[in-house]
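Text of start.cif, listed as mmCIF, C-alpha atoms and all ligand atoms:
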```
data_work
#
loop_
_atom_site.label_atom_id
_atom_site.label_comp_id
_atom_site.auth_asym_id
_atom_site.auth_seq_id
_atom_site.Cartn_x
_atom_site.Cartn_y
_atom_site.Cartn_z
CA MET G 876 -28.98 -10.04 8.05
CA SER G 877 -27.37 -6.88 9.37
CA LYS G 878 -25.12 -5.00 6.94
CA ALA G 879 -22.17 -5.49 9.30
CA VAL G 880 -22.65 -9.27 9.31
CA TRP G 881 -22.81 -9.21 5.52
CA ILE G 882 -19.52 -7.23 5.43
CA ILE G 883 -17.72 -9.71 7.70
CA ARG G 884 -18.94 -12.70 5.66
CA ASP G 885 -18.06 -10.95 2.40
CA GLU G 886 -14.53 -10.22 3.65
CA HIS G 887 -14.08 -13.88 4.60
CA GLN G 888 -14.98 -14.79 1.03
CA ARG G 889 -12.67 -12.19 -0.45
CA TYR G 890 -9.53 -13.23 1.37
CA GLY G 891 -10.64 -16.86 1.05
CA ALA G 892 -10.47 -16.45 -2.73
CA VAL G 893 -6.83 -15.31 -2.52
CA LEU G 894 -5.99 -18.20 -0.18
CA ASN G 895 -7.57 -20.57 -2.69
CA LEU G 896 -5.47 -19.07 -5.46
CA VAL G 897 -2.34 -19.78 -3.38
CA ARG G 898 -3.52 -23.34 -2.73
CA ASN G 899 -4.09 -23.92 -6.45
CA LEU G 900 -0.72 -22.46 -7.44
CA ILE G 901 1.26 -24.66 -5.08
CA THR G 902 -0.67 -27.91 -5.56
CA LYS G 903 -1.12 -27.96 -9.35
CA ALA G 904 0.54 -30.89 -11.11
CA ASP G 905 3.61 -29.04 -12.41
CA ALA G 906 4.17 -26.95 -9.24
CA GLY G 907 7.74 -27.24 -8.03
CA PRO G 908 10.77 -25.19 -7.07
CA ALA G 909 11.61 -24.25 -10.67
CA THR G 910 8.13 -23.29 -11.87
CA ILE G 911 6.62 -21.60 -8.84
CA ASP G 912 5.90 -17.87 -9.27
CA VAL G 913 7.44 -16.48 -6.08
CA ASP G 914 6.58 -12.87 -6.97
CA LEU G 915 2.90 -13.73 -7.40
CA LEU G 916 2.89 -15.54 -4.05
CA ASP G 917 4.51 -12.48 -2.51
CA LEU G 918 1.77 -10.24 -3.93
CA ALA G 919 -0.88 -12.64 -2.61
CA PHE G 920 0.70 -12.58 0.86
CA ASP G 921 0.94 -8.77 0.83
CA TYR G 922 -2.78 -8.68 0.14
CA ILE G 923 -3.65 -11.27 2.78
CA VAL G 924 -1.53 -9.67 5.52
CA ASP G 925 -2.81 -6.18 4.79
CA PHE G 926 -6.40 -7.25 4.36
CA ILE G 927 -6.57 -9.38 7.48
CA ASP G 928 -4.47 -7.24 9.83
CA THR G 929 -5.44 -3.70 8.88
CA TYR G 930 -8.89 -4.15 7.39
CA HIS G 931 -10.63 -7.21 8.76
CA HIS G 932 -9.45 -7.91 12.31
CA PRO G 933 -10.11 -4.39 13.66
CA LYS G 934 -13.77 -4.82 12.70
CA GLU G 935 -13.89 -8.00 14.79
CA ASP G 936 -11.58 -7.16 17.71
CA ASP G 937 -12.59 -3.53 18.24
CA TYR G 938 -16.30 -3.74 17.46
CA LEU G 939 -17.95 -7.11 17.06
CA PHE G 940 -16.12 -9.03 19.80
CA ARG G 941 -16.14 -6.08 22.21
CA LEU G 942 -19.88 -5.47 21.92
CA VAL G 943 -20.91 -9.15 21.96
CA ARG G 944 -18.81 -9.63 25.10
CA ARG G 945 -20.54 -6.68 26.71
CA ARG G 946 -24.03 -8.03 25.95
CA SER G 947 -23.60 -11.69 26.88
CA PRO G 948 -21.10 -14.10 28.45
CA GLU G 949 -22.38 -16.76 26.06
CA ALA G 950 -19.66 -16.10 23.50
CA ASP G 951 -16.75 -15.47 25.93
CA ALA G 952 -15.06 -18.82 25.28
CA ILE G 953 -15.36 -18.67 21.50
CA ILE G 954 -14.22 -15.02 21.42
CA ALA G 955 -11.13 -15.88 23.50
CA GLU G 956 -10.37 -18.68 21.05
CA LEU G 957 -10.85 -16.42 18.01
CA GLU G 958 -8.69 -13.64 19.49
CA GLY G 959 -5.94 -16.18 20.15
CA GLU G 960 -6.20 -17.34 16.55
CA HIS G 961 -5.77 -13.79 15.24
CA GLY G 962 -2.32 -13.77 16.89
CA ASP G 963 -1.56 -17.32 15.74
CA GLY G 964 -2.43 -16.38 12.15
CA GLU G 965 -0.01 -13.43 12.19
CA ARG G 966 2.78 -15.67 13.47
CA LYS G 967 2.02 -18.37 10.92
CA ILE G 968 2.10 -16.05 7.91
CA SER G 969 5.32 -14.35 9.12
CA ALA G 970 6.99 -17.76 9.30
CA LEU G 971 5.53 -18.65 5.90
CA ARG G 972 6.99 -15.52 4.29
CA LEU G 973 10.44 -16.43 5.61
CA LEU G 974 10.08 -19.85 3.97
CA LEU G 975 9.08 -18.14 0.71
CA ASP G 976 12.17 -15.89 0.89
CA ARG G 977 14.34 -18.95 1.46
CA LEU G 978 12.77 -20.60 -1.59
CA ARG G 979 13.34 -17.47 -3.68
CA GLN G 980 17.04 -17.52 -2.80
CA ASP G 981 17.57 -21.23 -3.18
CA ARG G 982 15.02 -23.17 -5.22
CA THR G 983 15.54 -26.67 -3.87
CA ASP G 984 12.90 -29.40 -3.52
CA GLU G 985 13.45 -29.33 0.22
CA HIS G 986 12.70 -25.58 0.43
CA PHE G 987 9.66 -25.94 -1.81
CA MET G 988 8.21 -28.81 0.23
CA ALA G 989 8.75 -26.94 3.52
CA PHE G 990 7.06 -23.85 2.06
CA LYS G 991 4.18 -25.87 0.62
CA ALA G 992 3.49 -27.68 3.91
CA ALA G 993 3.46 -24.41 5.88
CA ALA G 994 1.27 -22.69 3.25
CA LEU G 995 -1.33 -25.48 3.27
CA ASP G 996 -1.35 -25.48 7.05
CA TYR G 997 -1.92 -21.69 7.08
CA ILE G 998 -4.68 -21.83 4.44
CA ASP G 999 -6.56 -24.55 6.35
CA PHE G 1000 -6.10 -22.64 9.59
CA GLU G 1001 -7.58 -19.40 8.19
CA ALA G 1002 -10.45 -21.26 6.49
CA GLN G 1003 -11.37 -22.98 9.79
CA HIS G 1004 -11.12 -19.65 11.62
CA ALA G 1005 -13.49 -17.87 9.21
CA MET G 1006 -15.91 -20.81 9.33
CA LYS G 1007 -15.93 -20.68 13.14
CA GLU G 1008 -16.81 -16.98 13.01
CA ASN G 1009 -19.50 -17.47 10.37
CA ASP G 1010 -21.11 -20.48 12.04
CA ARG G 1011 -20.61 -19.85 15.76
CA LEU G 1012 -19.91 -16.20 16.51
CA LEU G 1013 -22.08 -14.30 14.02
CA PRO G 1014 -25.31 -16.16 14.96
CA ILE G 1015 -24.73 -15.22 18.63
CA ALA G 1016 -24.04 -11.60 17.61
CA GLU G 1017 -27.26 -11.50 15.63
CA ARG G 1018 -29.14 -12.73 18.68
CA VAL G 1019 -27.62 -10.59 21.45
CA LEU G 1020 -26.65 -7.25 19.90
CA THR G 1021 -29.14 -4.39 20.08
CA ALA G 1022 -30.17 -1.97 17.34
CA ALA G 1023 -27.91 0.65 18.98
CA ASP G 1024 -24.95 -1.78 18.87
CA TRP G 1025 -25.51 -2.44 15.16
CA SER G 1026 -25.75 1.31 14.49
CA GLU G 1027 -22.42 1.85 16.26
CA ILE G 1028 -20.78 -0.97 14.29
CA GLU G 1029 -22.21 0.11 10.95
CA ALA G 1030 -21.24 3.76 11.48
CA ALA G 1031 -17.67 2.66 12.29
CA PHE G 1032 -17.45 0.38 9.25
CA ALA G 1033 -18.56 3.26 7.00
CA ASP G 1034 -15.97 5.75 8.38
CA ASN G 1035 -13.84 6.85 5.44
CA ASP G 1036 -11.34 8.65 7.67
CA ASP G 1037 -10.42 5.46 9.46
CA PRO G 1038 -7.57 3.59 7.73
CA ALA G 1039 -9.35 0.28 8.25
CA PHE G 1040 -12.85 1.15 7.08
CA GLY G 1041 -14.77 2.91 4.34
CA ASP G 1042 -14.14 3.38 0.62
CA ARG G 1043 -10.46 4.39 0.58
CA PRO G 1044 -9.03 1.10 1.90
CA ARG G 1045 -11.57 -0.73 -0.26
CA ALA G 1046 -10.11 0.99 -3.35
CA LYS G 1047 -6.58 0.02 -2.26
CA PHE G 1048 -7.53 -3.65 -2.00
CA THR G 1049 -9.30 -3.58 -5.35
CA ALA G 1050 -6.06 -2.27 -6.94
CA MET G 1051 -3.96 -4.94 -5.17
CA MET G 1052 -6.36 -7.63 -6.34
CA ALA G 1053 -6.16 -6.35 -9.94
CA GLN G 1054 -2.36 -6.71 -9.78
CA ILE G 1055 -2.71 -10.31 -8.56
CA VAL G 1056 -5.23 -11.19 -11.27
CA ARG G 1057 -3.03 -9.69 -14.00
CA ARG G 1058 -0.14 -11.88 -12.92
CA ALA G 1059 -2.03 -15.08 -12.08
CA PRO G 1060 -2.33 -17.81 -14.72
CA ALA G 1061 -5.70 -18.79 -16.23
CA PRO G 1062 -8.22 -19.86 -15.00
CA TYR G 1063 -7.56 -17.74 -11.86
CA GLY G 1064 -6.16 -14.74 -13.69
CA TYR G 1065 -5.36 -13.32 -17.10
CA ARG G 1066 -1.90 -14.72 -17.76
CA THR G 1067 -1.90 -17.49 -20.35
FE FE M 1 -11.22 -13.38 12.89
FE FE M 2 -12.97 -12.91 10.40
#
```
I need this file expressed as structure tokens, please.
Ligand SMILES: [Fe+2]
Ligand SMILES: [Fe+2]
Amino acid sequence: MSKAVWIIRDEHQRYGAVLNLVRNLITKADAGPATIDVDLLDLAFDYIVDFIDTYHHPKEDDYLFRLVRRRSPEADAIIAELEGEHGDGERKISALRLLLDRLRQDRTDEHFMAFKAAALDYIDFEAQHAMKENDRLLPIAERVLTAADWSEIEAAFADNDDPAFGDRPRAKFTAMMAQIVRRAPAPYGYRT
């Protein structure tokens, strides 16, 4: 497996873990408008938005999709679908954050249920999207991209001066994740 493919799959797992944390927080037995930790959900959404928009999607849109499209028309339809979903995901999480703000201001059952339904919809949507990339796009990329394409992609992903790639943004996300884990209840985090 190319290092770039490993990075994309690893990033899907990393933001998938935060989405799972959100799912667990809002579906556990005692979850409700009075008990829900809105600040923790806010931290989780900060991470997800930043990770997906500034760190993950540029790797796909600007490198992977562009080069696969150049090498073969085979993936044109799936790439168009995935690009559309990147925009849909941004719209969905913006709407979700407004529902979380409304819940923060007025903790009614109605606001909690509306937030929960939108959050579960968003989590399922992002999980399906990542699965589609893992199972349908990456195998085509591994087949059609040349050694020179992979070198270009891997050099870009290792560029520390780019805000989306390299060690500096990685360190930022590690710090954000540590904040989430400190605040999350056991067994997902350290709070008891
Ligand atoms: Fe994507
Ligand atoms: Fe992705």
Between G:Leu1020, G:Leu975, G:Leu915, G:Ala1005, which is the closest to G:Leu900 once you count all atoms listed in the file?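 Looking at the shortest contact to G:Leu900, the residue is G:Leu915.
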For stretch 961-969 of chain G, please output as a count of residues only all residues within 7 Å (counting only C-alpha atoms; exclusion window: fewer than 4 positions along the same chain). 3
Test item: residues at most 12 Å from G:Leu974, only C-alpha atoms, excluding those fewer than 5 positions along its chain, as a PyMOL selection string: chain G and resi 913+916-917+967-969+979-983+985-994
Which of these residues is nearest to ligand FE 1 (chain M), using only C-alpha atoms and all ligand atoms: G:Ile883, G:Val897, G:Val1056, G:Ala1031? G:Ile883
Give me, as CSV, each residue of chain G that comes within 7 Å of ligand FE 2 (chain M), together with its shortest interatomic pair and the distance in Å at one decimal, counting all atoms listed in the file, with rows ordered by chain and rising residue number.
```
residue,atom,partner,partner_atom,distance
G:Ile883,CA,M:FE2,FE,6.3
G:His887,CA,M:FE2,FE,6.0
G:His931,CA,M:FE2,FE,6.4
G:His932,CA,M:FE2,FE,6.4
G:Glu935,CA,M:FE2,FE,6.7
G:Ala1005,CA,M:FE2,FE,5.1
G:Glu1008,CA,M:FE2,FE,6.2
```
Taking 5 positions as the minimum chain separation for residues in the same chain, which residues sit within 10 Å of G:Tyr938 when counting all atoms listed in the file? Answer as a ChimeraX atom specification. /G:932-933,943-944,1024-1025,1027-1029,1031-1032
Could you save those same residues with C-alpha atoms as a tab-separated table (two decimals), in the frame of the given file?
```
chain	number	residue	atom	x	y	z
G	932	HIS	CA	-9.45	-7.91	12.31
G	933	PRO	CA	-10.11	-4.39	13.66
G	943	VAL	CA	-20.91	-9.15	21.96
G	944	ARG	CA	-18.81	-9.63	25.10
G	1024	ASP	CA	-24.95	-1.78	18.87
G	1025	TRP	CA	-25.51	-2.44	15.16
G	1027	GLU	CA	-22.42	1.85	16.26
G	1028	ILE	CA	-20.78	-0.97	14.29
G	1029	GLU	CA	-22.21	0.11	10.95
G	1031	ALA	CA	-17.67	2.66	12.29
G	1032	PHE	CA	-17.45	0.38	9.25
```
I want to know what sits within 12 Å of G:Gly891, based on all atoms listed in the file, with residues of the same chain fewer than 2 positions away left out; could you give that as a list in words?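 Once the nearby chain positions are removed, what remains is Arg884, Asp885, Glu886, His887, Gln888, Arg889, Val893, Leu894, Asn895, Leu896, Val897, Arg898, Ala919, Tyr922, Ile923, Phe926, Ile927, Tyr997, Ile998, Asp999, Phe1000, Glu1001, Ala1002, Gln1003, His1004, Ala1005 and Met1006 of chain G.
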Nearest-residue call for ligand FE 1 (chain M), choices G:Val1019, G:Ile954, G:Ala1053, G:Ala1061, using all atoms listed in the file: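 Going through G:Val1019, G:Ile954, G:Ala1053, G:Ala1061 one by one, the smallest distance to ligand FE 1 (chain M) is for G:Ile954.
Minimum distance to ligand FE 1 (chain M) across G:Asp921, G:Asp937, G:Glu960, G:Asp951 (counting only C-alpha atoms and all ligand atoms) occurs at G:Glu960.
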Atom CA of G:Arg1045 and atom CA of G:Tyr890 are how many Å apart?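 According to the coordinates, atom CA of G:Arg1045 and atom CA of G:Tyr890 are separated by 12.8 Å.
The smallest atom-to-atom distance between ligand FE 1 (chain M) and any of G:Thr1021, G:Thr1049, G:Asn1009, G:Ser877, using only C-alpha atoms and all ligand atoms, is found for G:Asn1009.
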To one decimal place, how far is atom CA of G:Ile953 from atom CA of G:Glu1017 in Å?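 Between atom CA of G:Ile953 and atom CA of G:Glu1017 the gap is 15.1 Å.
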For each of G:Asp996, G:Asp1034, G:Asp928, G:Glu949, take the minimum atom-to-atom distance to ligand FE 1 (chain M), counting only C-alpha atoms and all ligand atoms, then give the residue where this is smallest.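 Among the listed residues, G:Asp928 lies closest to ligand FE 1 (chain M).
One distance worth recording is that between atom CA of G:Met1051 and atom CA of G:Pro908, which is 25.1 Å.
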Taking all listed atoms of stretch 885-893 of chain G, build the axis-aligned box, pad each of the six sides by 4 Å, then write its centre and edge lengths in Å to one decimal as AutoDock Vina command-line options.
```
--center_x -12.4 --center_y -13.5 --center_z 0.9 --size_x 19.2 --size_y 14.6 --size_z 15.3
```
